[in-house]
There are 2 protein chains.
Amino acid sequence: MAQLYLQSDIEEIARGIEDIRDKLEGRTILFSGGGGFLGRYFSLVIDHLNRSALATPCKLIMLDNLITATAENDGQAGTEGVSFMEHDIIEPLTVDERLDYVVHAAGIASPYYYRAYPLKTLDVGITGTRNMLEIARENGARFMFFSSSEIYGDPEPQHVPTQESYMGRVSCQGPRACYDESKRVGETLCSIYHAMHGLSTNIVRPFNVYGPGMKENDYRVLSNFGSRIKGGRPLKVYGDGRQTRTFCYVTDAMIGFMRLMILGVPGETYNIGNPEPEVSMLELVQHVEAVVDRDMETHLIEYPDSYPGGEPTRRCPDIRKARIHLGYEPQVPLRAGLKRFFDWAMDIYTGNP
Amino acid sequence: MAQLYLQSDIEEIARGIEDIRDKLEGRTILFSGGGGFLGRYFSLVIDHLNRSALATPCKLIMLDNLITATAENDGQAGTEGVSFMEHDIIEPLTVDERLDYVVHAAGIASPYYYRAYPLKTLDVGITGTRNMLEIARENGARFMFFSSSEIYGDPEPQHVPTQESYMGRVSCQGPRACYDESKRVGETLCSIYHAMHGLSTNIVRPFNVYGPGMKENDYRVLSNFGSRIKGGRPLKVYGDGRQTRTFCYVTDAMIGFMRLMILGVPGETYNIGNPEPEVSMLELVQHVEAVVDRDMETHLIEYPDSYPGGEPTRRCPDIRKARIHLGYEPQVPLRAGLKRFFDWAMDIYTGNP
């Protein structure tokens, strides 16, 4: 099987939590959405630590219903200390082991999927989050919920970069609402369990994480560019191409997530991303062209009917809280991260739509 | 039993829908939250129309779990064409009759109650709304959801008066979130059923409806004032008293709701309220003093710990859409409405806290 990651990235993540890795000694983590992009990185890092650094192994129990995750993403089950359970979190769950951390990353994130299954998307976000919170409560475990930067909607310019206290400008109706509301209610549930049960909850809002292992056809902009470049097809940019994003390389993001899991102040919400540089989609194309050393034909196209409207015009995190509370500081500049990703993608992607 | 309404108000509401009342001939309405303040008015109006104007009676089936509604609110079951079912809408429901309208007004609206039972509040809002939408879908009935002006949160000044398109500034965490999110997700569910099933859904966002029949201890500002005046106790105003509201007398609101139920454009959301005048709490005290012809000792007090924070500083509806689509136009000026309400309250309220 093709490598879905770079070993040097895994080692980089491990170094980024070196100062606090003793908090993983002999601990048990339950992780929902284990078959996804981030779940694989969690598996690989725990496997690496168990082989190299931890005296008493850390156990990682992965949950996934394998509906949107593919079977190949289940391939880490053989790694050191990592086990896999096929389970749909809409159903209540009992785990025999005593849990120290519960990380809830399961959710329906693909716009094409959540548009087709909006009720299921809400169910996973609401009932699923509640079931995971219940497990954490029974175990007195620290709880981390993967929310989304989508929760900010389309912020007014004065709220970019966006702080965690910003309440968002996001419609509760329309095609994206099922996803955005599933995350909002997930956050509401976390705040209820924190206030009523004293559960140690944290919420993370990731901003455009990318890196090796992203599926070729997952509709994220960089995996899409990678596939098109590999296949010699023109790049497509929606709208006028002036909408901005910031991109966070997966090692930086993973260090942020793991530091947050271990160090987050109970009840607090954190942006995790790389605030620099904020680039428009057209500028991103230029960066990518430089990295792959090719001029790409680029088409500006209308949003397709099948694409949920209301795409945010700007998205950039304010990460001061994560800096102060977690010692989080992104290390990988955009160009360097793009180089790692596209080198990998040119090797692994098929180039077929 | 003391009269919980004014007969002249019921007749006024009936006149306000005279031009469209034929749309109620022989129809069947299912109404959730039938034991509440608005449910009673729906009962009374249908009863009045059945006795006076409709050749074929309209049937109104009231649902309520009677948890927050008191038994006395069930007293309209004997009225013409109105029946009552004790049912908790968290549980699925089958109704044998063919339904033409489903009006979903059930919900946990008291801040003191939803703060104590946040998970139940979310359940009622989410699962309850879905169950009611399912009944409407099975019957091909028109569906009206009672959302709330709370959905706008604390709007920036340039968004007051507030249009339906405003996305709100409302926290998804904290003590009010369970209520606000229950309404937001209710709206999301309506938009999903409209888009996926072609259901004729409408959402109404009422702005501070008041009138005879409000319970003495329901924590609304005007019922609270009424009770304190009756008991000779000083008025209490939270914060600095400069937060504004607009108040809509119940006859105007009911005319709006019933016109919306019958005439609302499918998929559309409507503010129903009286946009004039927008008064601060301190100005409201002056109006009330004039109406009851008494100078009241008034205390500015801190919000109590038990009161959910984040009260909106201004709230005023833009009702242009309801004017154009529904022919809605509030008729009762603030002073006149206050006069009707306080005359009633001085007669009925006990004055005991």
# chains A, B, ... in the order shown; residues from 1 in each chain; ligands from 1
$ interface_residues --of "chain A" --to "chain B" --cutoff "12 Å" --atoms "only C-alpha atoms" --output "PyMOL selection string"
chain A and resi 114-123+125-127+130+147+151-156+164-196+202-203+267-269
$ residues_around --residues "range 234-236 of chain A" --least-positions-apart "4" --cutoff "10 Å" --atoms "only C-alpha atoms" --output "PyMOL selection string"
chain A and resi 221+224-229+241+281+285+295-302
$ select_by_dssp --residues "range 2-97 of chain A" --states "helix (DSSP H, G or I)" --output "ChimeraX atom specification"
/A:7-16,18-24,37-52,71-78
$ residues_around --residues "Leu260 in chain B" --least-positions-apart "3" --cutoff "10 Å" --atoms "only C-alpha atoms" --output "PyMOL selection string"
chain B and resi 144+202-204+254-257+263-265+268-270+272+322+325-328
$ write_last_selection --atoms "N, CA and C atoms" --output "compact mmCIF listing (two decimals), in the first residue's frame"
# COMPACT_ATOMS: atom_id res chain seq x y z
N MET B 144 -46.27 25.42 10.39
CA MET B 144 -45.77 26.68 10.92
C MET B 144 -45.01 26.41 12.21
N ASN B 202 -43.40 27.31 7.19
CA ASN B 202 -43.18 28.72 7.54
C ASN B 202 -42.60 28.80 8.93
N ILE B 203 -41.76 29.80 9.11
CA ILE B 203 -41.16 30.06 10.41
C ILE B 203 -41.62 31.43 10.88
N VAL B 204 -42.06 31.51 12.11
CA VAL B 204 -42.43 32.82 12.67
C VAL B 204 -41.52 33.14 13.85
N MET B 254 -51.76 37.63 17.26
CA MET B 254 -52.58 36.48 16.84
C MET B 254 -53.07 36.64 15.40
N ILE B 255 -53.44 37.86 15.03
CA ILE B 255 -53.84 38.10 13.64
C ILE B 255 -52.66 37.77 12.72
N GLY B 256 -51.47 38.19 13.12
CA GLY B 256 -50.27 37.88 12.34
C GLY B 256 -50.03 36.39 12.22
N PHE B 257 -50.14 35.69 13.34
CA PHE B 257 -49.88 34.24 13.32
C PHE B 257 -50.89 33.51 12.43
N LEU B 263 -51.60 32.12 4.89
CA LEU B 263 -51.12 32.81 3.68
C LEU B 263 -49.61 32.77 3.47
N GLY B 264 -48.85 32.30 4.44
CA GLY B 264 -47.38 32.38 4.35
C GLY B 264 -46.84 31.76 3.07
N VAL B 265 -45.89 32.42 2.46
CA VAL B 265 -45.24 31.87 1.26
C VAL B 265 -44.37 30.69 1.69
N GLU B 268 -40.78 30.50 3.67
CA GLU B 268 -40.40 31.83 4.15
C GLU B 268 -40.49 31.96 5.68
N THR B 269 -39.68 32.89 6.17
CA THR B 269 -39.61 33.20 7.60
C THR B 269 -40.13 34.61 7.82
N TYR B 270 -40.91 34.82 8.88
CA TYR B 270 -41.52 36.13 9.12
C TYR B 270 -41.34 36.59 10.56
N ILE B 272 -43.02 38.62 13.41
CA ILE B 272 -44.33 39.14 13.80
C ILE B 272 -44.14 39.89 15.12
N ALA B 322 -43.84 40.71 6.36
CA ALA B 322 -45.19 40.29 6.80
C ALA B 322 -46.25 41.26 6.27
N HIS B 325 -46.46 40.24 2.33
CA HIS B 325 -46.94 38.88 2.02
C HIS B 325 -48.27 38.55 2.69
N LEU B 326 -48.48 39.11 3.88
CA LEU B 326 -49.60 38.65 4.70
C LEU B 326 -50.66 39.71 4.93
N GLY B 327 -50.38 40.93 4.51
CA GLY B 327 -51.29 42.02 4.84
C GLY B 327 -51.36 42.26 6.34
N TYR B 328 -50.23 42.08 6.99
CA TYR B 328 -50.16 42.22 8.45
C TYR B 328 -49.86 43.66 8.82
$ atom_distance --atom1 "CA of Gly39 in chain A" --atom2 "CA of Arg137 in chain A"
22.0 Å
$ closest_residue --among "B:Glu329, B:Glu91, B:Asp22, B:Glu80" --to "Ile135 in chain B" --atoms "only C-alpha atoms"
B:Glu91
$ atom_distance --atom1 "CA of Tyr303 in chain A" --atom2 "CA of Pro111 in chain A"
12.6 Å
$ residues_around --residues "Gly337 in chain B" --least-positions-apart "4" --cutoff "12 Å" --atoms "only C-alpha atoms" --output "number ranges by chain"
B: 9, 209-212, 222, 247-253, 274, 287-288, 291, 330-333, 341-344
$ write_last_selection --atoms "C-alpha atoms" --output "JSON list (two decimals), in the first residue's frame"
[["chain", "number", "residue", "atom", "x", "y", "z"],
["B", 9, "ASP", "CA", -60.03, 40.73, 21.99],
["B", 209, "VAL", "CA", -46.13, 39.36, 22.68],
["B", 210, "TYR", "CA", -48.18, 40.34, 25.74],
["B", 211, "GLY", "CA", -51.76, 40.44, 26.85],
["B", 212, "PRO", "CA", -54.39, 39.04, 29.22],
["B", 222, "LEU", "CA", -45.04, 43.03, 31.85],
["B", 247, "PHE", "CA", -44.19, 45.05, 22.63],
["B", 248, "CYS", "CA", -46.91, 43.51, 20.52],
["B", 249, "TYR", "CA", -50.40, 43.24, 21.93],
["B", 250, "VAL", "CA", -51.80, 39.74, 21.65],
["B", 251, "THR", "CA", -54.61, 40.58, 19.20],
["B", 252, "ASP", "CA", -52.14, 41.99, 16.69],
["B", 253, "ALA", "CA", -49.80, 39.05, 17.18],
["B", 274, "ASN", "CA", -45.08, 45.67, 16.59],
["B", 287, "HIS", "CA", -45.79, 54.23, 30.16],
["B", 288, "VAL", "CA", -46.98, 51.75, 32.74],
["B", 291, "VAL", "CA", -51.60, 53.63, 32.39],
["B", 330, "PRO", "CA", -50.39, 46.01, 13.96],
["B", 331, "GLN", "CA", -53.34, 48.15, 15.12],
["B", 332, "VAL", "CA", -52.98, 48.47, 18.88],
["B", 333, "PRO", "CA", -50.67, 51.28, 20.05],
["B", 341, "PHE", "CA", -53.52, 44.38, 29.85],
["B", 342, "PHE", "CA", -53.16, 46.24, 33.14],
["B", 343, "ASP", "CA", -56.90, 46.67, 33.61],
["B", 344, "TRP", "CA", -57.14, 42.92, 33.26]]
$ atom_distance --atom1 "CA of Ala141 in chain A" --atom2 "CA of Lys321 in chain A"
22.9 Å
$ residues_around --residues "Arg314 in chain B" --least-positions-apart "6" --cutoff "8 Å" --atoms "only C-alpha atoms" --output "JSON, numbers by chain"
{"B": [154, 155, 157, 160, 243, 244, 245]}
$ select_by_dssp --residues "range 80-202 of chain A" --states "strand (DSSP E)" --output "list in words"
Val82, Ser83, Phe84, Met85, Glu86, Tyr101, Val102, Val103, His104, Arg142, Phe143, Met144, Phe145, Phe146, Thr201 and Asn202 of chain A
$ residues_around --residues "Ser149 in chain A" --least-positions-apart "3" --cutoff "7 Å" --atoms "only C-alpha atoms" --output "list of chain:residue names"
A:Tyr152, A:Arg205, A:Pro206, A:Phe207
$ write_last_selection --atoms "N, CA and C atoms" --output "short mmCIF file (atom, residue, chain, number, x, y, z; two decimals), in the first residue's frame"
data_model
loop_
_atom_site.label_atom_id
_atom_site.label_comp_id
_atom_site.auth_asym_id
_atom_site.auth_seq_id
_atom_site.Cartn_x
_atom_site.Cartn_y
_atom_site.Cartn_z
N TYR A 152 -17.76 30.09 12.27
CA TYR A 152 -17.71 31.55 12.18
C TYR A 152 -18.48 32.07 10.96
N ARG A 205 -11.43 24.43 17.01
CA ARG A 205 -11.92 24.87 15.70
C ARG A 205 -10.74 24.92 14.74
N PRO A 206 -10.55 23.87 13.96
CA PRO A 206 -9.42 23.80 13.03
C PRO A 206 -9.67 24.65 11.78
N PHE A 207 -8.60 25.24 11.29
CA PHE A 207 -8.66 26.07 10.08
C PHE A 207 -7.86 25.42 8.96
#
